[in-house]
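Chemist: Okay, handing you the structure first.
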Amino acid sequence: MKTLLFLILGLLLCSFELNACENKGPNIILFTLDGVRRQEFFKGTDPILRDQLPSNEPTSIFKSLWSKQSNQGIIFGSSDHYQIASHVSVSLPSYQALFTGHANDCKDNHCGTIQEKTFLETIAQTLKLPAKDVAAFASWEGLKFAVASDASKITEVIYPEIVNFPKDPVLMNLQHQAMKDLPTWHESRKDQYTFEMGMHYLKNYCPRILYLSLVDSDEYGHIGDYPGYVKSLRTYDSYLEKIIQTLNLLGDYGKQTTLFVTTDHSRGDGLKWTIHGTDDPVEKNVFLFMKGRGVHPIGLTNKSATHANIRPSIEYLMGIKPTGPVLPHLSIQ
């Protein structure tokens, strides 16, 4: 009997949580997956690397996206017509270019904090949003050098700290667990904790802009663990489905939200899959999936664009003057 009562109470709390969002206007979710190749996104597991995987493992990876979501949004990049905005296919330069809308002089992961306002700061300032309405969750520590020139204007939950946020017991508990369960690589927490933090924040604080960044994929790539890399991508596919399912349960808030999903850079072809940051143009060819408010659901498109179009597109969708050309197939009329 007690078990049944707890189950009913849990369902009621979940129902309350998923319907608590007040619709204050258009919203954005930007979801980045670090170092994901177009091969695995569009085609599935690499035939050259198949011997590293169990023989009975399916070749498809982003199965839920392609079977359930692709025709409900837009996907760029299938024909080498979508690239990063930075000069080099390295994480921090690419993230900084994505958040500012153009390449800068950053050439590696050690160039320091972005020196100009990012779209997170500009939108927060223009729309007079409180810091809790513009939130950045990231597994990799380096993202704190890309999301804002002044982090006091946003809520920053980037490894290893939680900045500008009240003592939410769920977030603090997840942070505590994450710090006791760090991955073998350095400068990041495991993605599972970052994702749980971000989803808790989405359901309970209903931000106008939510940035969610995961990094396990890139780390598995650097250590040459192809099975681990593929497993992380399958997990990302399930995470994407959870985000969309959650938005579908959030009423008008979900209907007023536009979702962007992309990566910071690609990787080398075939046996060079573990590396990036060379002059090989294949590392700059990436993908972008968009779904939700303002997006014409046409599926795959051959239109050309770059990460430089993401900032102005988000500004346009949020109702402020875009700082550059917006992505094709967007309209809020």
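Ligands are numbered from 1 in the order shown, residues from 1 within each chain, and chains are lettered A, B, ... in the order they appear in the structure tokens.
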Can you tell me which residues surround range 272-289 of chain A at a distance of at most 6 Å, considering only C-alpha atoms, apart from same-chain residues fewer than 6 positions away, and format the answer as a PDB file with N, CA and C atoms, in the first residue's frame?
Modeler:
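In the end it all went to out_4.pdb:
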ATOM      1  N   ARG A  38      30.332  13.662 -38.961  1.00  0.00           N
ATOM      2  CA  ARG A  38      29.172  13.524 -39.832  1.00  0.00           C
ATOM      3  C   ARG A  38      28.938  12.062 -40.204  1.00  0.00           C
ATOM      4  N   ILE A  74      14.610  20.545 -39.498  1.00  0.00           N
ATOM      5  CA  ILE A  74      15.528  20.764 -40.612  1.00  0.00           C
ATOM      6  C   ILE A  74      16.887  20.192 -40.223  1.00  0.00           C
ATOM      7  N   ILE A  75      17.558  19.554 -41.186  1.00  0.00           N
ATOM      8  CA  ILE A  75      18.900  19.042 -40.945  1.00  0.00           C
ATOM      9  C   ILE A  75      19.834  19.556 -42.033  1.00  0.00           C
ATOM     10  N   PHE A  76      20.863  20.287 -41.602  1.00  0.00           N
ATOM     11  CA  PHE A  76      21.908  20.795 -42.498  1.00  0.00           C
ATOM     12  C   PHE A  76      23.132  19.886 -42.417  1.00  0.00           C
ATOM     13  N   GLY A  77      23.888  19.840 -43.524  1.00  0.00           N
ATOM     14  CA  GLY A  77      25.202  19.209 -43.472  1.00  0.00           C
ATOM     15  C   GLY A  77      25.364  17.910 -44.209  1.00  0.00           C
ATOM     16  N   ASP A  80      28.069  18.416 -47.286  1.00  0.00           N
ATOM     17  CA  ASP A  80      29.230  19.290 -47.065  1.00  0.00           C
ATOM     18  C   ASP A  80      28.892  20.776 -47.213  1.00  0.00           C
ATOM     19  N   TYR A  82      27.527  22.628 -44.717  1.00  0.00           N
ATOM     20  CA  TYR A  82      27.408  23.277 -43.406  1.00  0.00           C
ATOM     21  C   TYR A  82      28.720  23.105 -42.655  1.00  0.00           C
ATOM     22  N   GLN A  83      29.311  24.225 -42.226  1.00  0.00           N
ATOM     23  CA  GLN A  83      30.624  24.193 -41.578  1.00  0.00           C
ATOM     24  C   GLN A  83      30.645  24.986 -40.275  1.00  0.00           C
ATOM     25  N   ILE A  84      31.699  24.751 -39.495  1.00  0.00           N
ATOM     26  CA  ILE A  84      31.941  25.553 -38.305  1.00  0.00           C
ATOM     27  C   ILE A  84      32.307  26.971 -38.733  1.00  0.00           C
ATOM     28  N   SER A  89      39.511  23.685 -36.471  1.00  0.00           N
ATOM     29  CA  SER A  89      38.556  22.717 -35.914  1.00  0.00           C
ATOM     30  C   SER A  89      39.028  22.251 -34.539  1.00  0.00           C
ATOM     31  N   VAL A  90      39.040  23.206 -33.609  1.00  0.00           N
ATOM     32  CA  VAL A  90      39.414  22.984 -32.212  1.00  0.00           C
ATOM     33  C   VAL A  90      38.272  23.512 -31.356  1.00  0.00           C
ATOM     34  N   GLY A 221      36.968   9.804 -28.326  1.00  0.00           N
ATOM     35  CA  GLY A 221      37.682   9.922 -29.582  1.00  0.00           C
ATOM     36  C   GLY A 221      39.175  10.094 -29.380  1.00  0.00           C
ATOM     37  N   HIS A 222      39.540  10.966 -28.448  1.00  0.00           N
ATOM     38  CA  HIS A 222      40.961  11.246 -28.230  1.00  0.00           C
ATOM     39  C   HIS A 222      41.725  10.045 -27.695  1.00  0.00           C
ATOM     40  N   GLY A 224      40.973   7.002 -28.516  1.00  0.00           N
ATOM     41  CA  GLY A 224      40.869   5.939 -29.514  1.00  0.00           C
ATOM     42  C   GLY A 224      39.908   4.824 -29.164  1.00  0.00           C
ATOM     43  N   PHE A 260      18.073  23.632 -31.120  1.00  0.00           N
ATOM     44  CA  PHE A 260      19.215  23.512 -32.026  1.00  0.00           C
ATOM     45  C   PHE A 260      20.117  22.395 -31.503  1.00  0.00           C
ATOM     46  N   VAL A 261      20.551  21.501 -32.390  1.00  0.00           N
ATOM     47  CA  VAL A 261      21.465  20.422 -31.999  1.00  0.00           C
ATOM     48  C   VAL A 261      22.625  20.390 -32.990  1.00  0.00           C
ATOM     49  N   THR A 262      23.852  20.473 -32.485  1.00  0.00           N
ATOM     50  CA  THR A 262      25.015  20.466 -33.379  1.00  0.00           C
ATOM     51  C   THR A 262      26.257  20.014 -32.624  1.00  0.00           C
ATOM     52  N   HIS A 265      32.964  20.595 -33.770  1.00  0.00           N
ATOM     53  CA  HIS A 265      33.848  20.278 -34.892  1.00  0.00           C
ATOM     54  C   HIS A 265      33.684  18.806 -35.210  1.00  0.00           C
ATOM     55  N   SER A 266      34.176  18.389 -36.361  1.00  0.00           N
ATOM     56  CA  SER A 266      34.158  16.978 -36.723  1.00  0.00           C
ATOM     57  C   SER A 266      35.524  16.374 -36.383  1.00  0.00           C
TER      58      SER A 266
END
Chemist: For range 156-159 of chain A, work out the shell of residues within 7 Å, counting only C-alpha atoms and skipping chain neighbours fewer than 4 positions away, then give it as a PyMOL selection string.
Modeler: chain A and resi 135-141+144+151+163-164+188-189
Chemist: Next, dump the selected residues to file, keeping only C-alpha atoms, as a PDB file, in the first residue's frame.
Modeler:
ATOM      1  CA  ALA A 135      21.549  29.135 -18.273  1.00  0.00           C
ATOM      2  CA  ALA A 136      24.600  27.225 -19.516  1.00  0.00           C
ATOM      3  CA  PHE A 137      25.263  23.617 -18.476  1.00  0.00           C
ATOM      4  CA  ALA A 138      28.487  22.040 -19.720  1.00  0.00           C
ATOM      5  CA  SER A 139      30.556  18.968 -18.921  1.00  0.00           C
ATOM      6  CA  TRP A 140      33.820  20.456 -20.199  1.00  0.00           C
ATOM      7  CA  GLU A 141      35.463  23.155 -18.100  1.00  0.00           C
ATOM      8  CA  LYS A 144      33.313  28.826 -19.293  1.00  0.00           C
ATOM      9  CA  ALA A 151      29.406  35.178 -16.373  1.00  0.00           C
ATOM     10  CA  VAL A 163      27.768  29.801 -10.388  1.00  0.00           C
ATOM     11  CA  ASN A 164      25.033  32.370  -9.689  1.00  0.00           C
ATOM     12  CA  SER A 188      35.124  17.634 -17.130  1.00  0.00           C
ATOM     13  CA  ARG A 189      32.346  15.800 -15.367  1.00  0.00           C
TER      14      ARG A 189
END
Chemist: Go ahead and compute the interatomic distance for CA of Ile29 in chain A and CA of Thr257 in chain A, in Å to one decimal.
Modeler: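 CA of Ile29 in chain A sits 7.2 Å away from CA of Thr257 in chain A.
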Chemist: When distances are computed from only C-alpha atoms, which of A:Glu40, A:Phe31, A:Ser64, A:Pro54 shows the smallest separation from Gln245 in chain A?
Modeler: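 The answer is A:Ser64, which sits nearest to Gln245 in chain A.
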Chemist: What does the distance between CA of Ser217 in chain A and CA of Tyr229 in chain A come to in Å, to one decimal place?
Modeler: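 Separation of CA of Ser217 in chain A and CA of Tyr229 in chain A: 5.0 Å.
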Chemist: So what do you get for CA of Phe119 in chain A versus CA of Ser331 in chain A, distance-wise?
Modeler: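 Spanning CA of Phe119 in chain A to CA of Ser331 in chain A is a straight-line distance of 19.3 Å.
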Chemist: List the spatial neighbours of Trp185 in chain A as a PyMOL selection string - criterion: any atom at most 10 Å away, only C-alpha atoms, same-chain residues fewer than 4 positions off excluded.
Modeler: chain A and resi 189-190+216+219-220+222-223
Chemist: Using the selection just defined, write its residues with N, CA and C atoms as a PDB file, in the first residue's frame.
Modeler:
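Saved the output as part-v8.pdb:
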ATOM      1  N   ARG A 189      33.143  16.785 -16.078  1.00  0.00           N
ATOM      2  CA  ARG A 189      32.346  15.800 -15.367  1.00  0.00           C
ATOM      3  C   ARG A 189      31.734  14.848 -16.391  1.00  0.00           C
ATOM      4  N   LYS A 190      31.218  13.725 -15.934  1.00  0.00           N
ATOM      5  CA  LYS A 190      30.542  12.798 -16.835  1.00  0.00           C
ATOM      6  C   LYS A 190      29.256  13.435 -17.359  1.00  0.00           C
ATOM      7  N   ASP A 216      31.641  13.694 -23.571  1.00  0.00           N
ATOM      8  CA  ASP A 216      32.192  12.338 -23.521  1.00  0.00           C
ATOM      9  C   ASP A 216      32.627  11.839 -24.896  1.00  0.00           C
ATOM     10  N   GLU A 219      36.082  12.950 -25.807  1.00  0.00           N
ATOM     11  CA  GLU A 219      37.095  12.328 -24.954  1.00  0.00           C
ATOM     12  C   GLU A 219      37.350  10.883 -25.379  1.00  0.00           C
ATOM     13  N   TYR A 220      36.285  10.144 -25.678  1.00  0.00           N
ATOM     14  CA  TYR A 220      36.470   8.779 -26.183  1.00  0.00           C
ATOM     15  C   TYR A 220      37.221   8.787 -27.505  1.00  0.00           C
ATOM     16  N   HIS A 222      39.540  10.966 -28.448  1.00  0.00           N
ATOM     17  CA  HIS A 222      40.961  11.246 -28.230  1.00  0.00           C
ATOM     18  C   HIS A 222      41.725  10.045 -27.695  1.00  0.00           C
ATOM     19  N   ILE A 223      41.071   9.165 -26.946  1.00  0.00           N
ATOM     20  CA  ILE A 223      41.783   7.995 -26.421  1.00  0.00           C
ATOM     21  C   ILE A 223      41.625   6.789 -27.357  1.00  0.00           C
TER      22      ILE A 223
END
Chemist: Could you tell me, as a VMD selection string, which residues of range 77-285 of chain A DSSP assigns to helix (DSSP H, G or I) when given the backbone?
Modeler: chain A and resid 91 to 100 119 to 126 131 to 133 141 to 145 151 to 153 169 to 180 191 to 205 216 to 222 226 to 248 251 to 255 270 to 272 281 to 284
Chemist: Of the candidates A:Ala305, A:Leu240, A:Ile154, A:Leu327, which one gets nearest to Ser70 in chain A if we count only C-alpha atoms?
Modeler: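 That would be A:Leu240, the residue with the smallest distance to Ser70 in chain A.
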Chemist: For His110 in chain A, work out the shell of residues within 10 Å, counting only C-alpha atoms and skipping chain neighbours fewer than 4 positions away, then give it as a PyMOL selection string.
Modeler: chain A and resi 92-93+106+142+145
Chemist: Selection from above, N, CA and C atoms, as a PDB file, in the first residue's frame, can you write it?
Modeler:
ATOM      1  N   LEU A  92      37.552  25.202 -28.263  1.00  0.00           N
ATOM      2  CA  LEU A  92      37.316  26.551 -27.758  1.00  0.00           C
ATOM      3  C   LEU A  92      37.168  27.583 -28.882  1.00  0.00           C
ATOM      4  N   PRO A  93      38.038  27.590 -29.892  1.00  0.00           N
ATOM      5  CA  PRO A  93      37.816  28.533 -30.993  1.00  0.00           C
ATOM      6  C   PRO A  93      36.448  28.369 -31.655  1.00  0.00           C
ATOM      7  N   CYS A 106      41.310  33.274 -31.621  1.00  0.00           N
ATOM      8  CA  CYS A 106      41.549  32.081 -30.802  1.00  0.00           C
ATOM      9  C   CYS A 106      41.910  30.902 -31.702  1.00  0.00           C
ATOM     10  N   GLY A 142      36.261  24.018 -20.247  1.00  0.00           N
ATOM     11  CA  GLY A 142      36.632  25.060 -21.194  1.00  0.00           C
ATOM     12  C   GLY A 142      35.473  25.907 -21.684  1.00  0.00           C
ATOM     13  N   PHE A 145      34.984  29.641 -20.872  1.00  0.00           N
ATOM     14  CA  PHE A 145      35.717  30.676 -21.604  1.00  0.00           C
ATOM     15  C   PHE A 145      35.015  31.079 -22.901  1.00  0.00           C
TER      16      PHE A 145
END
Chemist: Quick one: of A:Gln175, A:Asn56, A:Ala146, A:Asp46, who's nearest to Thr100 in chain A, counting only C-alpha atoms?
Modeler: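 Ranked by minimum distance to Thr100 in chain A, first place goes to A:Ala146.
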Chemist: Do a neighbour search on Leu233 in chain A at 9 Å with only C-alpha atoms, toss out local chain neighbours closer than 2 positions, and write the hits as a PyMOL selection string.
Modeler: chain A and resi 33+36+40-41+61-62+216-217+228-231+235-238
Chemist: List the neighbours of Lys24 in chain A out to 12 Å using only C-alpha atoms; skip same-chain residues closer than 5 positions along the sequence, and give me the result as a list of chain:residue names.
Modeler: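 After dropping sequence-adjacent residues, the list is A:Leu127, A:Leu129, A:Asp133, A:Cys206, A:Pro207, A:Arg208, A:Ile209, A:Asp252, A:Tyr253, A:Gly254, A:Lys255, A:Gln256, A:Thr257, A:Met318.
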Chemist: Check the DSSP output for the backbone and give back, as a ChimeraX atom specification, the residues of range 32-140 of chain A in strand (DSSP E or B).
Modeler: /A:32-33,73-76,82-83,134-138,140
Chemist: Please write the residues from the selection above to a file, keeping N, CA and C atoms, as an mmCIF file, in the first residue's frame.
Modeler:
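What ended up in selection_32.cif:
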data_model
loop_
_atom_site.group_PDB
_atom_site.id
_atom_site.type_symbol
_atom_site.label_atom_id
_atom_site.label_comp_id
_atom_site.auth_asym_id
_atom_site.auth_seq_id
_atom_site.Cartn_x
_atom_site.Cartn_y
_atom_site.Cartn_z
ATOM 1 N N THR A 32 24.802 21.006 -27.713
ATOM 2 C CA THR A 32 25.997 20.675 -28.479
ATOM 3 C C THR A 32 26.631 19.377 -27.983
ATOM 4 N N LEU A 33 27.082 18.569 -28.938
ATOM 5 C CA LEU A 33 27.713 17.277 -28.696
ATOM 6 C C LEU A 33 29.133 17.378 -29.221
ATOM 7 N N GLY A 73 11.725 18.640 -38.503
ATOM 8 C CA GLY A 73 12.607 19.799 -38.391
ATOM 9 C C GLY A 73 13.419 19.982 -39.656
ATOM 10 N N ILE A 74 14.610 20.545 -39.498
ATOM 11 C CA ILE A 74 15.528 20.764 -40.612
ATOM 12 C C ILE A 74 16.887 20.192 -40.223
ATOM 13 N N ILE A 75 17.558 19.554 -41.186
ATOM 14 C CA ILE A 75 18.900 19.042 -40.945
ATOM 15 C C ILE A 75 19.834 19.556 -42.033
ATOM 16 N N PHE A 76 20.863 20.287 -41.602
ATOM 17 C CA PHE A 76 21.908 20.795 -42.498
ATOM 18 C C PHE A 76 23.132 19.886 -42.417
ATOM 19 N N TYR A 82 27.527 22.628 -44.717
ATOM 20 C CA TYR A 82 27.408 23.277 -43.406
ATOM 21 C C TYR A 82 28.720 23.105 -42.655
ATOM 22 N N GLN A 83 29.311 24.225 -42.226
ATOM 23 C CA GLN A 83 30.624 24.193 -41.578
ATOM 24 C C GLN A 83 30.645 24.986 -40.275
ATOM 25 N N VAL A 134 18.757 32.582 -18.322
ATOM 26 C CA VAL A 134 19.759 32.293 -19.348
ATOM 27 C C VAL A 134 20.806 31.393 -18.696
ATOM 28 N N ALA A 135 20.737 30.108 -19.007
ATOM 29 C CA ALA A 135 21.549 29.135 -18.273
ATOM 30 C C ALA A 135 22.426 28.310 -19.203
ATOM 31 N N ALA A 136 23.644 28.030 -18.744
ATOM 32 C CA ALA A 136 24.600 27.225 -19.516
ATOM 33 C C ALA A 136 25.067 26.051 -18.660
ATOM 34 N N PHE A 137 24.827 24.846 -19.135
ATOM 35 C CA PHE A 137 25.263 23.617 -18.476
ATOM 36 C C PHE A 137 26.274 22.927 -19.387
ATOM 37 N N ALA A 138 27.454 22.645 -18.881
ATOM 38 C CA ALA A 138 28.487 22.040 -19.720
ATOM 39 C C ALA A 138 29.340 21.069 -18.923
ATOM 40 N N TRP A 140 32.417 20.064 -20.044
ATOM 41 C CA TRP A 140 33.820 20.456 -20.199
ATOM 42 C C TRP A 140 34.070 21.832 -19.604
#
Chemist: With a distance cut-off of 8 Å and only C-alpha atoms, select the neighbouring residues of range 320-323 of chain A, excluding the residue or stretch itself and same-chain residues fewer than 5 positions from it, and output the selection as a list in words.
Modeler: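 Contacts, in chain order: Gly101, Ile123, Thr126, Arg311, Pro312, Ser313, Ile314 and Glu315 of chain A.
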Chemist: Based on the selection just made, write N, CA and C atoms of those residues as a CSV table (one decimal), in the first residue's frame.
Modeler:
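Result saved to out18.csv:
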chain,number,residue,atom,x,y,z
A,101,GLY,N,29.2,34.5,-33.3
A,101,GLY,CA,28.7,34.6,-34.6
A,101,GLY,C,29.8,34.9,-35.7
A,123,ILE,N,21.2,38.9,-25.5
A,123,ILE,CA,19.8,38.7,-25.3
A,123,ILE,C,19.3,38.9,-23.9
A,126,THR,N,19.3,42.8,-23.6
A,126,THR,CA,18.3,43.4,-24.5
A,126,THR,C,16.9,43.2,-23.9
A,311,ARG,N,24.0,32.4,-34.1
A,311,ARG,CA,23.7,33.5,-33.3
A,311,ARG,C,22.6,34.4,-33.8
A,312,PRO,N,22.7,34.9,-35.1
A,312,PRO,CA,21.7,35.8,-35.6
A,312,PRO,C,20.3,35.1,-35.7
A,313,SER,N,20.3,33.8,-35.9
A,313,SER,CA,19.0,33.0,-36.0
A,313,SER,C,18.4,33.0,-34.6
A,314,ILE,N,19.2,32.8,-33.6
A,314,ILE,CA,18.6,32.8,-32.2
A,314,ILE,C,18.1,34.2,-31.8
A,315,GLU,N,18.9,35.2,-32.2
A,315,GLU,CA,18.4,36.6,-32.0
A,315,GLU,C,17.1,36.9,-32.7
Chemist: Could you check which of A:Gly324, A:Pro297, A:Gly112, A:Pro183 is closest to Ile310 in chain A, using only C-alpha atoms?
Modeler: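 For Ile310 in chain A, the nearest of the candidates is A:Gly324.
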